[in-house]
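Here's the structure, in structure tokens; my notes come after.
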Amino acid sequence: MIDYEILRLLWWAVLGVLLIGIAVMDGFDYGAAILLPFVGKTDAERRLVINTVGPVWEGNQVWLILGAGAIFAAWPQLYAVAFSGFYLAMLLLLASLILRPVGFKFRGKVESAGWRTVWDLALFVGGLVPALVYGVAFGNALQGVPFRIDDTMRMFYEGTVWGLFNPFGLLAGLLSVAMITLHGGTWLACKTTGPVKARAAKAAVGAGIVAVVLFAIGGFWVGHIDFYALSGTIDPNGPSNPLAKHVVMAAGGLLTNYGRFPLAMLAPVVGFAGLIGALLLARGGRRPKLAFVLSSLGIAGIIATAGISAFPFLLPSSIAPGASMMVWDSSSSFITLAVMTGVTVVFLPIILIYTGWVYRVLRGPLSVEEIGKDSKAFY
């Protein structure tokens, strides 16, 4: 039988994989939307950009649903704080996500340049805001969030939505926007032709440079952030009770795991290498598919870096460090995690196989001429 400790560690890793899946699979259509006003100079070119993601964006959001569902089921206390404490931020995120399907569906309903410009702007906002909010959320998780838990396990968030947009949170948000824009640029370089492809590659280079610089600044910054450390011991097989431990602040605590586990350095190395490789290939206009793969690896490395840096903390509290949530004291019960593991083993491969089949069927670039030949079949 698998130990409770192993199941908790497994679901921490699964959560990380799902977050990477959201950023990689949903990220390129966010990035394409961010670049829409810049790489599409005419209505036909903007239609081309939209139709590179049109057949797949809804399926990509399965990863977002899986991520939210995994947090709800595997880490209910984390879900309670994140989805209630960050209520206004989540409302902003949902409003921007609602703009996306409306923009896709409504844009072509009226033959009017003004009408289409409005929905192009809606799609741009629907790509930019989620990328920014996700990054800001990660930045705040690495600093600590102002929540507390009373002795009846009720959770109280004492921050404001504007407090989330602090300097480090904004840095993380801008890094997220830059890497997502790079990802979208490499996607468009794979899926378009002609001037749109050239502009997308150029935009990917610029976004990649910004992402590398911001990631480097962030790496230097985290070395000077006091982070949280467990004082004493905790039973990794014990019951979930965030109040049953003592937490202290430690200078440079976000770097501790890299000293303990040297292999953890692979995460930031992959992050840097992926970003740099993607922007170099985009600059030369060569092998756009490889550039897209490297961009995906860069995103995976950056998210893994954040997770490894904070481990074993999931969400530390800046006002009540003892209430900070850790992998070992914030999970669902053993039986819940065991059942979820069995379900995941069955259904995750099905999702991956189906996704792979869809992308294989839809492989190859689009062109303005192709859309013009069969306008009714496209957005």
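Residues in the structure tokens are numbered from 1 in each chain, the chains being A, B, ... in the order shown, and ligands are numbered from 1 in the order shown.
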Quiz item: Hey, what's within 8 Å of Pro146 in chain A if we count only C-alpha atoms and toss same-chain stuff fewer than 6 positions away? As an MDAnalysis selection string, please?
Solution: chainID A and resid 157:159 317:320
Quiz item: Which residues, written as a list in words, have at least one atom at most 7 Å from Ala291 in chain A, with only C-alpha atoms counted and residues fewer than 3 positions away on the same chain left out?
Solution: Thr186, Gly277, Ala278, Leu281, Ala282, Arg287, Pro288, Leu294 and Ser295 of chain A
Go ahead and save the residues from that selection, with N, CA and C atoms, as a PDB file, in the first residue's frame.
```pdb
ATOM      1  N   THR A 186       5.805  31.677 -31.187  1.00  0.00           N
ATOM      2  CA  THR A 186       6.346  30.460 -31.814  1.00  0.00           C
ATOM      3  C   THR A 186       5.226  29.608 -32.408  1.00  0.00           C
ATOM      4  N   GLY A 277      16.733  29.298 -26.323  1.00  0.00           N
ATOM      5  CA  GLY A 277      16.690  28.496 -27.544  1.00  0.00           C
ATOM      6  C   GLY A 277      15.521  28.886 -28.431  1.00  0.00           C
ATOM      7  N   ALA A 278      14.351  29.127 -27.821  1.00  0.00           N
ATOM      8  CA  ALA A 278      13.173  29.492 -28.605  1.00  0.00           C
ATOM      9  C   ALA A 278      13.355  30.833 -29.294  1.00  0.00           C
ATOM     10  N   LEU A 281      15.925  30.548 -32.240  1.00  0.00           N
ATOM     11  CA  LEU A 281      15.367  29.893 -33.420  1.00  0.00           C
ATOM     12  C   LEU A 281      14.331  30.794 -34.102  1.00  0.00           C
ATOM     13  N   ALA A 282      13.553  31.525 -33.289  1.00  0.00           N
ATOM     14  CA  ALA A 282      12.574  32.437 -33.863  1.00  0.00           C
ATOM     15  C   ALA A 282      13.274  33.559 -34.626  1.00  0.00           C
ATOM     16  N   ARG A 287      13.156  26.265 -38.217  1.00  0.00           N
ATOM     17  CA  ARG A 287      12.604  25.192 -37.391  1.00  0.00           C
ATOM     18  C   ARG A 287      11.621  25.725 -36.351  1.00  0.00           C
ATOM     19  N   PRO A 288      10.513  26.317 -36.772  1.00  0.00           N
ATOM     20  CA  PRO A 288       9.548  26.895 -35.823  1.00  0.00           C
ATOM     21  C   PRO A 288       8.947  25.860 -34.867  1.00  0.00           C
ATOM     22  N   LEU A 294      10.837  24.216 -27.519  1.00  0.00           N
ATOM     23  CA  LEU A 294      11.743  24.842 -26.557  1.00  0.00           C
ATOM     24  C   LEU A 294      11.010  25.873 -25.706  1.00  0.00           C
ATOM     25  N   SER A 295      10.097  26.603 -26.316  1.00  0.00           N
ATOM     26  CA  SER A 295       9.287  27.542 -25.546  1.00  0.00           C
ATOM     27  C   SER A 295       8.470  26.810 -24.485  1.00  0.00           C
TER      28      SER A 295
END
```
Exercise. Write out as JSON, numbers by chain the residues lying within 9 Å of range 322-338 of chain A, counting only C-alpha atoms and excluding same-chain residues fewer than 6 positions away.
Key: {"A": [2, 3, 4, 5, 7, 8, 9, 11, 12, 73, 74, 75, 76, 77, 78, 144, 145, 147, 148, 149, 150, 228, 230, 234, 235, 236, 237, 238, 239, 240, 241, 242, 243, 244, 245, 246, 247, 248, 311, 312, 313, 314, 315, 316]}
Quiz item: Got a sec: who's within 12 Å of Leu142 in chain A, counting only C-alpha atoms, leaving out chain neighbours fewer than 3 positions off, as a ChimeraX atom specification?
Solution: /A:135-139,145,164,168-169,171-172,218-219,221-223,225-228,252-255,303,305-318,324
Practice problem: Just the residues within 9 Å of Asp26 in chain A, please, counting only C-alpha atoms, with nothing from its chain fewer than 5 positions along; format it as a ChimeraX atom specification. | Solution: /A:21,31,57-64
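Separating CA of Leu175 in chain A from CA of Phe215 in chain A is a distance of 6.7 Å.
Secondary structure by DSSP on the backbone puts the following residues of range 2-213 of chain A in strand (DSSP E or B): A:Val145, A:Phe147, A:Arg148, A:Ile149, A:Met155, A:Phe156, A:Tyr157.
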Dump of C-alpha atoms for the selected residues, as an mmCIF file, in the first residue's frame:
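Produced file again-v2.cif, reproduced below:
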```
data_model
loop_
_atom_site.group_PDB
_atom_site.id
_atom_site.type_symbol
_atom_site.label_atom_id
_atom_site.label_comp_id
_atom_site.auth_asym_id
_atom_site.auth_seq_id
_atom_site.Cartn_x
_atom_site.Cartn_y
_atom_site.Cartn_z
ATOM 1 C CA VAL A 145 -0.411 35.778 1.382
ATOM 2 C CA PHE A 147 -4.559 34.966 5.573
ATOM 3 C CA ARG A 148 -5.081 33.349 8.961
ATOM 4 C CA ILE A 149 -6.906 30.312 10.305
ATOM 5 C CA MET A 155 -9.957 30.859 7.051
ATOM 6 C CA PHE A 156 -9.837 34.648 6.855
ATOM 7 C CA TYR A 157 -8.174 36.620 4.075
#
```
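Interatomic distance, CA of Val129 in chain A against CA of Ala198 in chain A: 25.4 Å.
In this comparison, which uses only C-alpha atoms, the residue of A:Leu214, A:Leu15, A:Pro101, A:Glu111 approaching Gly69 in chain A most closely is A:Leu15.
For range 41-43 of chain A, the list of residues within 12 Å, based on only C-alpha atoms and with local chain neighbours fewer than 3 positions off taken out, reads Leu35, Leu36, Pro37, Phe38, Arg46, Arg47, Leu48, Val49, Ile50, Arg107, Gly108, Glu111, Ser112, Ala113, Gly114, Trp115, Arg116, Thr117, Trp119, Asp120, Pro195, Val196, Arg199, Ala200, Val368, Ile371, Gly372 and Tyr379 of chain A.
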Output file for the residues above (C-alpha atoms, as a CSV table (one decimal), in the first residue's frame):
```csv
chain,number,residue,atom,x,y,z
A,35,LEU,CA,-0.2,39.3,-30.5
A,36,LEU,CA,-3.4,39.6,-32.6
A,37,PRO,CA,-3.4,43.4,-32.9
A,38,PHE,CA,0.3,43.5,-33.7
A,46,ARG,CA,-6.3,38.8,-38.1
A,47,ARG,CA,-8.7,36.1,-39.1
A,48,LEU,CA,-5.7,34.0,-39.9
A,49,VAL,CA,-4.3,34.4,-36.4
A,50,ILE,CA,-7.7,33.7,-34.8
A,107,ARG,CA,-16.6,38.8,-34.3
A,108,GLY,CA,-17.8,37.6,-37.6
A,111,GLU,CA,-19.6,42.9,-41.6
A,112,SER,CA,-18.3,46.1,-39.9
A,113,ALA,CA,-14.7,47.1,-39.3
A,114,GLY,CA,-15.6,48.9,-36.0
A,115,TRP,CA,-17.5,45.8,-34.8
A,116,ARG,CA,-14.6,43.5,-35.5
A,117,THR,CA,-12.1,45.9,-33.9
A,119,TRP,CA,-14.0,42.0,-30.5
A,120,ASP,CA,-10.4,41.9,-31.5
A,195,PRO,CA,4.0,38.4,-43.4
A,196,VAL,CA,2.1,37.2,-40.4
A,199,ARG,CA,5.9,39.4,-37.7
A,200,ALA,CA,5.1,36.6,-35.2
A,368,VAL,CA,-4.9,33.9,-45.8
A,371,ILE,CA,-9.4,31.0,-45.4
A,372,GLY,CA,-10.6,33.1,-48.3
A,379,TYR,CA,-14.1,32.3,-37.8
```
Quiz item: Hey, can you check how far CA of Val212 in chain A sits from CA of Gly271 in chain A?
Solution: 8.9 Å
Quiz item: Neighbours of Leu19 in chain A within 10 Å (only C-alpha atoms; same-chain residues fewer than 3 positions away dropped), as number ranges by chain?
Solution: A: 13-16, 22-25, 63-64, 66-68, 134, 300, 303-304
Same residues, C-alpha atoms, saved as a short mmCIF file (atom, residue, chain, number, x, y, z; two decimals), in the first residue's frame:
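In the end it all went to selection.cif:
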```
data_model
loop_
_atom_site.label_atom_id
_atom_site.label_comp_id
_atom_site.auth_asym_id
_atom_site.auth_seq_id
_atom_site.Cartn_x
_atom_site.Cartn_y
_atom_site.Cartn_z
CA ALA A 13 3.76 16.78 -8.50
CA VAL A 14 0.47 16.19 -10.35
CA LEU A 15 -0.64 19.72 -9.49
CA GLY A 16 2.63 21.00 -10.92
CA ILE A 22 -2.42 25.04 -18.43
CA ALA A 23 0.50 27.34 -19.26
CA VAL A 24 1.69 25.33 -22.27
CA MET A 25 -1.61 24.25 -23.82
CA TRP A 63 -6.29 21.76 -18.49
CA LEU A 64 -7.64 24.77 -16.60
CA LEU A 66 -8.42 19.85 -14.42
CA GLY A 67 -6.13 22.18 -12.47
CA ALA A 68 -8.98 23.85 -10.58
CA TYR A 134 -1.56 33.75 -13.22
CA ALA A 300 7.80 24.14 -17.73
CA ILE A 303 6.87 26.89 -13.24
CA ALA A 304 8.93 23.99 -11.84
#
```
Quiz item: Could you pull out the helix (DSSP H, G or I) residues of range 60-260 of chain A from DSSP and send them as an MDAnalysis selection string?
Solution: chainID A and resid 60 62:74 76:85 87:109 113:141 162:164 167:191 194:222 253:260
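For the choices A:Leu128, A:Ala229, A:Ala89, A:Ala70, the atom-to-atom distance to Phe165 in chain A is smallest for A:Ala89 when using only C-alpha atoms.
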